[in-house]
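Below is input13.txt, which holds compact mmCIF, C-alpha atoms.
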```
# COMPACT_ATOMS: atom_id res chain seq x y z
CA MET L 1469 89.99 -23.66 134.46
CA LYS L 1470 90.38 -20.83 131.95
CA PHE L 1471 93.97 -20.40 133.09
CA ILE L 1472 94.78 -24.02 132.31
CA ILE L 1473 93.22 -23.79 128.86
CA THR L 1474 95.08 -20.59 127.97
CA LEU L 1475 98.29 -22.10 129.28
CA LEU L 1476 97.84 -25.22 127.15
CA PHE L 1477 96.96 -23.12 124.13
CA SER L 1478 99.95 -20.80 124.50
CA LEU L 1479 102.29 -23.76 124.96
CA PHE L 1480 100.87 -25.27 121.81
CA CYS L 1481 101.18 -21.99 119.84
CA SER L 1482 104.78 -21.54 120.92
CA THR L 1483 105.75 -24.95 119.52
CA ILE L 1484 104.15 -24.02 116.20
CA THR L 1485 105.87 -20.64 115.89
CA MET L 1486 109.15 -22.24 116.88
CA ALA L 1487 108.79 -24.66 114.02
CA GLN L 1488 107.97 -21.92 111.54
CA ASP L 1489 111.21 -19.95 111.40
CA VAL L 1490 113.71 -22.83 111.19
CA GLU L 1491 113.17 -25.35 108.46
CA MET L 1492 115.24 -28.37 109.43
CA ALA L 1493 116.38 -28.73 113.00
CA ASP L 1494 113.30 -28.12 115.07
CA VAL L 1495 110.93 -30.01 117.27
CA MET L 1496 108.04 -30.55 114.90
CA ARG L 1497 110.17 -31.99 112.12
CA SER L 1498 112.30 -34.24 114.34
CA ASN L 1499 111.78 -37.97 114.83
CA GLY L 1500 109.91 -38.43 111.57
CA LYS L 1501 107.51 -35.53 112.34
CA ILE L 1502 105.86 -37.55 115.09
CA TYR L 1503 105.18 -34.32 117.03
CA VAL L 1504 102.79 -33.22 114.32
CA VAL L 1505 100.68 -36.23 115.26
CA VAL L 1506 101.04 -35.23 118.91
CA ALA L 1507 99.89 -31.69 118.07
CA VAL L 1508 96.89 -33.01 116.16
CA ILE L 1509 95.88 -35.24 119.05
CA ALA L 1510 96.35 -32.30 121.45
CA ILE L 1511 94.06 -30.11 119.32
CA ILE L 1512 91.34 -32.76 119.28
CA PHE L 1513 91.71 -33.34 123.02
CA THR L 1514 91.55 -29.66 123.97
CA GLY L 1515 88.67 -29.12 121.55
CA LEU L 1516 86.71 -31.97 123.10
CA MET L 1517 87.51 -30.71 126.62
CA ILE L 1518 86.32 -27.15 125.87
CA TYR L 1519 83.16 -28.57 124.31
CA LEU L 1520 82.51 -30.85 127.30
CA ILE L 1521 83.05 -27.97 129.75
CA ARG L 1522 80.50 -25.91 127.83
CA ILE L 1523 77.98 -28.76 127.98
CA ASP L 1524 78.72 -29.13 131.70
CA LYS L 1525 77.95 -25.44 132.25
CA LYS L 1526 74.65 -25.83 130.43
CA VAL L 1527 73.70 -28.75 132.68
CA GLN L 1528 74.72 -26.73 135.73
CA LYS L 1529 72.41 -23.92 134.63
CA LEU L 1530 69.56 -26.40 134.30
CA GLU L 1531 70.22 -27.83 137.74
CA GLU L 1532 69.83 -24.45 139.42
CA MET O 372 101.06 -50.70 114.34
CA PRO O 373 103.47 -50.47 111.41
CA VAL O 374 102.70 -47.82 108.81
CA PRO O 375 103.96 -47.36 105.23
CA LYS O 376 107.19 -45.37 105.10
CA LEU O 377 106.62 -42.41 102.78
CA ASN O 378 108.65 -39.31 102.00
CA ILE O 379 107.51 -35.91 103.35
CA LEU O 380 104.63 -37.57 105.22
CA ASN O 381 106.93 -39.60 107.49
CA GLU O 382 105.16 -40.44 110.73
CA THR O 383 102.41 -37.87 110.09
CA ILE O 384 100.63 -40.55 108.08
CA ARG O 385 99.29 -41.55 111.49
CA ASN O 386 97.22 -38.36 111.40
CA LEU O 387 94.94 -40.35 109.13
CA TYR O 388 93.44 -41.89 112.26
CA PHE O 389 92.58 -38.46 113.66
CA HIS O 390 92.17 -35.90 110.90
CA VAL O 391 90.40 -38.05 108.31
CA THR O 392 88.14 -39.73 110.86
CA MET O 393 86.91 -36.25 111.87
CA TRP O 394 85.64 -35.59 108.36
CA PHE O 395 84.15 -39.06 108.01
CA SER O 396 82.19 -38.70 111.23
CA MET O 397 81.19 -35.13 110.28
CA ILE O 398 79.70 -36.39 107.02
CA ILE O 399 77.82 -39.15 108.85
CA LEU O 400 76.51 -36.67 111.46
CA MET O 401 75.33 -34.32 108.70
CA LEU O 402 73.66 -37.31 107.02
CA MET O 403 71.85 -38.11 110.28
CA SER O 404 70.85 -34.44 110.53
CA LEU O 405 69.53 -34.60 106.96
CA ILE O 406 67.48 -37.71 107.79
CA GLN O 407 66.00 -35.97 110.83
CA SER O 408 65.15 -32.91 108.72
CA ILE O 409 63.41 -35.05 106.12
CA ARG O 410 61.51 -36.89 108.84
CA TYR O 411 60.52 -33.51 110.29
CA LEU O 412 59.11 -32.47 106.93
CA SER O 413 57.03 -35.66 106.74
CA SER O 414 55.79 -35.62 110.34
CA PHE O 415 56.11 -31.97 111.54
CA ASP O 416 57.33 -33.29 114.87
CA LYS O 417 59.30 -30.48 116.54
CA LEU O 418 61.63 -32.89 118.33
CA ARG O 419 62.90 -34.10 114.94
CA ASP O 420 63.82 -30.52 114.06
CA LEU O 421 65.64 -30.20 117.37
CA ARG O 422 67.56 -33.39 116.67
CA ALA O 423 68.52 -32.15 113.22
CA GLU O 424 69.86 -28.94 114.74
CA THR O 425 71.94 -30.60 117.48
CA LEU O 426 73.35 -33.17 115.04
CA ALA O 427 74.33 -30.42 112.62
CA SER O 428 75.97 -28.32 115.32
CA THR O 429 77.93 -31.31 116.61
CA GLY O 430 78.95 -32.02 113.03
CA MET O 431 80.17 -28.42 112.76
CA PHE O 432 82.20 -28.82 115.93
CA ILE O 433 83.85 -31.96 114.57
CA ALA O 434 84.42 -30.23 111.25
CA SER O 435 86.19 -27.35 112.99
CA LEU O 436 88.44 -29.88 114.74
CA GLY O 437 89.07 -31.51 111.36
CA LEU O 438 89.93 -28.15 109.84
CA THR O 439 92.41 -27.11 112.56
CA THR O 440 94.11 -30.52 112.63
CA GLY O 441 94.30 -30.41 108.84
CA MET O 442 95.89 -26.95 108.99
CA VAL O 443 98.60 -28.14 111.39
CA TRP O 444 99.22 -31.21 109.26
CA ALA O 445 99.44 -29.05 106.12
CA GLN O 446 101.92 -26.69 107.78
CA PHE O 447 104.47 -29.47 108.25
CA THR O 448 103.93 -31.43 105.06
CA TRP O 449 102.78 -28.93 102.41
CA GLY O 450 104.53 -25.92 103.95
CA THR O 451 101.66 -23.58 104.81
CA PHE O 452 98.56 -23.66 106.95
CA TRP O 453 96.33 -23.08 103.95
CA VAL O 454 96.96 -24.06 100.34
CA ASN O 455 94.65 -23.35 97.46
CA ASP O 456 93.53 -26.93 97.31
CA PRO O 457 89.99 -27.64 96.01
CA LYS O 458 89.30 -29.86 99.00
CA LEU O 459 90.35 -27.23 101.54
CA ASN O 460 88.31 -24.51 99.89
CA GLY O 461 85.40 -26.91 99.53
CA ALA O 462 85.58 -27.71 103.24
CA ALA O 463 85.65 -24.00 104.07
CA VAL O 464 82.63 -23.33 101.86
CA THR O 465 80.81 -26.27 103.46
CA MET O 466 81.43 -24.86 106.91
CA LEU O 467 80.15 -21.44 105.78
CA ILE O 468 77.03 -23.10 104.34
CA TYR O 469 76.33 -24.79 107.67
CA LEU O 470 77.08 -21.54 109.55
CA ALA O 471 74.41 -19.95 107.38
CA TYR O 472 72.07 -22.75 108.50
CA PHE O 473 72.45 -21.69 112.14
CA ILE O 474 72.13 -17.99 111.29
CA LEU O 475 68.98 -18.79 109.34
CA ARG O 476 67.58 -20.70 112.29
CA ASN O 477 68.22 -17.89 114.72
CA SER O 478 66.83 -15.22 112.44
CA ILE O 479 63.28 -16.62 112.23
CA GLU O 480 61.08 -15.88 115.23
CA ASN O 481 58.10 -18.09 114.44
CA GLU O 482 58.84 -21.64 115.60
CA ASP O 483 56.93 -23.52 112.90
CA SER O 484 58.30 -21.58 109.98
CA ARG O 485 61.79 -21.69 111.49
CA ALA O 486 61.69 -25.48 111.68
CA ARG O 487 60.27 -25.79 108.17
CA VAL O 488 62.65 -23.35 106.48
CA SER O 489 65.72 -24.71 108.25
CA ALA O 490 64.78 -28.31 107.41
CA ILE O 491 64.55 -27.40 103.74
CA TYR O 492 67.80 -25.46 103.94
CA ASN O 493 69.46 -28.44 105.64
CA ILE O 494 68.64 -30.65 102.63
CA LEU O 495 70.23 -28.05 100.35
CA ALA O 496 73.25 -27.73 102.65
CA PHE O 497 73.86 -31.49 102.63
CA VAL O 498 73.72 -31.64 98.84
CA MET O 499 76.10 -28.68 98.63
CA MET O 500 78.45 -30.39 101.09
CA ILE O 501 78.59 -33.53 98.95
CA VAL O 502 79.25 -31.41 95.87
CA PHE O 503 81.95 -29.31 97.51
CA ILE O 504 83.92 -31.97 99.37
CA GLY O 505 82.94 -35.10 97.45
CA VAL O 506 82.52 -34.17 93.82
CA LEU O 507 84.41 -30.98 92.93
CA PRO O 508 87.81 -32.02 94.41
CA ARG O 509 87.70 -35.16 92.29
CA MET O 510 87.25 -33.14 89.10
CA THR O 511 90.62 -31.42 89.43
CA ASP O 512 94.00 -32.26 90.84
CA SER O 513 94.26 -31.98 94.59
CA LEU O 514 96.97 -32.42 97.16
CA HIS O 515 94.68 -34.77 99.01
CA PRO O 516 95.07 -38.43 98.07
CA GLY O 517 92.31 -40.08 96.13
CA ASN O 518 91.48 -36.97 94.12
CA GLY O 519 91.82 -36.14 90.48
CA GLY O 520 89.68 -38.92 89.05
CA ASN O 521 90.41 -41.70 91.51
CA PRO O 522 87.92 -41.73 94.37
CA GLY O 523 88.70 -43.08 97.81
CA PHE O 524 92.05 -44.15 99.14
CA GLY O 525 94.47 -45.88 96.86
CA ASN O 526 96.33 -48.94 98.08
CA TYR O 527 99.53 -46.87 97.89
CA ASP O 528 98.62 -44.83 100.97
CA LEU O 529 96.39 -47.09 103.02
CA ASP O 530 97.61 -50.59 103.66
CA SER O 531 95.72 -53.30 105.50
CA ASN O 532 97.41 -52.50 108.83
CA MET O 533 96.16 -48.93 108.63
CA ARG O 534 92.68 -50.05 107.68
CA MET O 535 92.57 -52.14 110.85
CA VAL O 536 92.97 -48.96 112.91
CA PHE O 537 91.25 -46.52 110.61
CA TYR O 538 87.81 -48.08 110.26
CA PRO O 539 87.28 -48.77 114.00
CA ALA O 540 88.43 -45.18 114.64
CA VAL O 541 85.82 -43.88 112.19
CA ILE O 542 83.11 -45.91 113.92
CA GLY O 543 84.32 -44.68 117.32
CA TRP O 544 84.22 -41.02 116.29
CA ILE O 545 80.76 -41.44 114.78
CA LEU O 546 79.59 -42.92 118.09
CA ILE O 547 81.23 -40.12 120.12
CA GLY O 548 79.72 -37.51 117.81
CA SER O 549 76.22 -38.94 118.04
CA TRP O 550 76.62 -39.24 121.80
CA ILE O 551 77.54 -35.55 122.13
CA ALA O 552 74.64 -34.64 119.84
CA GLN O 553 72.29 -36.73 121.97
CA LEU O 554 73.52 -35.00 125.16
CA ARG O 555 72.91 -31.58 123.62
CA TYR O 556 69.48 -32.72 122.42
CA ARG O 557 68.53 -33.88 125.92
CA ILE O 558 69.71 -30.56 127.40
CA LYS O 559 67.60 -28.68 124.84
CA VAL O 560 64.54 -30.79 125.66
CA LEU O 561 65.04 -30.10 129.39
CA GLU O 562 65.36 -26.38 128.70
CA ILE O 563 62.14 -26.36 126.66
CA ASN O 564 60.30 -28.30 129.36
CA LYS O 565 61.53 -25.81 131.93
CA GLU O 566 60.28 -22.86 129.89
CA ASN O 567 56.85 -24.41 129.49
CA LYS O 568 56.41 -24.93 133.20
```

Any chance you could put this one into structure tokens?
Amino acid sequence: MKFIITLLFSLFCSTITMAQDVEMADVMRSNGKIYVVVAVIAIIFTGLMIYLIRIDKKVQKLEE
Amino acid sequence: MPVPKLNILNETIRNLYFHVTMWFSMIILMLMSLIQSIRYLSSFDKLRDLRAETLASTGMFIASLGLTTGMVWAQFTWGTFWVNDPKLNGAAVTMLIYLAYFILRNSIENEDSRARVSAIYNILAFVMMIVFIGVLPRMTDSLHPGNGGNPGFGNYDLDSNMRMVFYPAVIGWILIGSWIAQLRYRIKVLEINKENK
């Protein structure tokens, strides 16, 4: 599970750094910057998932 | 859903449904936390204090999501992750104030005094939050829309199509936030019951 999260996070970071050095012709600024919206949704989704996994672990502890 | 076509913002105006709703639901969760704190002070019921804590921590979680999404949005529209905008700094100060709330809670051993002190601090924290993200940004010019004298969204950046998505999204995030807070509250109650056994 941790592997998947780190993988997602590193993928996400790489798109950001890619967009930083070049101003015009890059992924984040293409197609009317729609990928910024995608990134924002991805952040919220991963945040919610991490939070839910933490809650799940707490419940697991209680079940033992 | 069609959106207004604006320069610089382009399609990122759709972030309104995600970034702004985070802050709306955070404010509502903090308001619920405040209500629970006030009710604790009038009844001294420990469960109310527990509810206030879980609501505030869920609000903090949603605020951190709002902050990171806002930073990504700022990077591609304003040019950097962090600008010296009164609203951004106000949001950061608000988060520090609420962090102090949790530190304060954990630093007091005695249960009764912990609940009482943190309930009083929570009232202060809510007032400070309103001042820092509701009042101060409106006093000066800000990159955020609706600041600098004109509160709320102007009709230039929120048309009726966007409202149709935006308000249900706000309600949905408030419901999700209160659901998460309720789950955490129930876990806490179970933990306390287990300890008392």

With a cut-off of 8 Å, could you pull out the residues of chain L touching chain O and give me the nearest pair of atoms for each, distance in Å to one decimal, using only C-alpha atoms, ordered by chain and ascending number, as a Markdown table?
```
| residue | atom | partner | partner_atom | distance |
| --- | --- | --- | --- | --- |
| L:Met1496 | CA | O:Phe447 | CA | 7.6 |
| L:Arg1497 | CA | O:Phe447 | CA | 7.3 |
| L:Gly1500 | CA | O:Asn381 | CA | 5.2 |
| L:Lys1501 | CA | O:Glu382 | CA | 5.7 |
| L:Ile1502 | CA | O:Glu382 | CA | 5.3 |
| L:Val1504 | CA | O:Thr383 | CA | 6.3 |
| L:Val1505 | CA | O:Asn386 | CA | 5.6 |
| L:Ala1507 | CA | O:Val443 | CA | 7.7 |
| L:Val1508 | CA | O:Thr440 | CA | 5.1 |
| L:Ile1509 | CA | O:Phe389 | CA | 7.1 |
| L:Ile1511 | CA | O:Thr440 | CA | 6.7 |
| L:Ile1512 | CA | O:Leu436 | CA | 6.1 |
| L:Gly1515 | CA | O:Leu436 | CA | 6.9 |
| L:Ile1523 | CA | O:Arg555 | CA | 7.3 |
| L:Lys1526 | CA | O:Ile558 | CA | 7.5 |
| L:Val1527 | CA | O:Ile558 | CA | 6.9 |
| L:Leu1530 | CA | O:Glu562 | CA | 7.0 |
```

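Atom pair CA of Leu475 in chain O / CA of Tyr1519 in chain L has a distance of 22.8 Å (rounded to one decimal).
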
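Of the residues under consideration (O:Leu405, O:Val506, O:Met533, O:Ala463), O:Leu405 shows the shortest atom-to-atom contact distance to Leu421 in chain O when counting all atoms listed in the file.
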
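Among the candidate residues O:Val541, O:Tyr472, O:Val454, O:Met401, the one lying nearest to Arg485 in chain O is O:Tyr472, with distances computed using only C-alpha atoms.
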
Scan for residues within 12 Å of the point (69.3, -28.3, 109.3) in the coordinates of the file, using all atoms listed in the file, and reply as a ChimeraX atom specification.
/O:400-412,419-431,468-477,485-498

Measuring atom to atom with all atoms listed in the file, identify which of O:Ile399, O:Val391, O:Val502, O:Leu507 is nearest to Leu546 in chain O.
O:Ile399

Fewer than 6 positions away in the same chain doesn't count, so skip those; otherwise give me all residues within 10 Å of Ile504 in chain O, counting only C-alpha atoms, as a PDB file with C-alpha atoms, in the frame of the given file.
```
ATOM      1  CA  TRP O 394      85.640 -35.590 108.360  1.00  0.00           C
ATOM      2  CA  ILE O 398      79.700 -36.390 107.020  1.00  0.00           C
ATOM      3  CA  PRO O 457      89.990 -27.640  96.010  1.00  0.00           C
ATOM      4  CA  LYS O 458      89.300 -29.860  99.000  1.00  0.00           C
ATOM      5  CA  LEU O 459      90.350 -27.230 101.540  1.00  0.00           C
ATOM      6  CA  ASN O 460      88.310 -24.510  99.890  1.00  0.00           C
ATOM      7  CA  GLY O 461      85.400 -26.910  99.530  1.00  0.00           C
ATOM      8  CA  ALA O 462      85.580 -27.710 103.240  1.00  0.00           C
ATOM      9  CA  ALA O 463      85.650 -24.000 104.070  1.00  0.00           C
ATOM     10  CA  VAL O 464      82.630 -23.330 101.860  1.00  0.00           C
ATOM     11  CA  THR O 465      80.810 -26.270 103.460  1.00  0.00           C
TER      12      THR O 465
END
```

CA of Ala552 in chain O and CA of Phe537 in chain O, how far apart in Å?
22.4 Å

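Our summary of the geometry notes that CA of Pro516 in chain O is positioned 18.9 Å from CA of Met535 in chain O.
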
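Nearest-residue note for Trp453 in chain O: choosing from O:Leu467, O:Met500, O:Leu514, O:Ile545, the minimum distance belongs to O:Leu514, counting all atoms listed in the file.
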
All file atoms of range 438-442 of chain O boxed axis-aligned, 3 Å per side, centre plus edges, as lines of an AutoDock Vina configuration file:
```
center_x = 92.9
center_y = -28.7
center_z = 110.7
size_x = 12.0
size_y = 9.6
size_z = 9.8
```
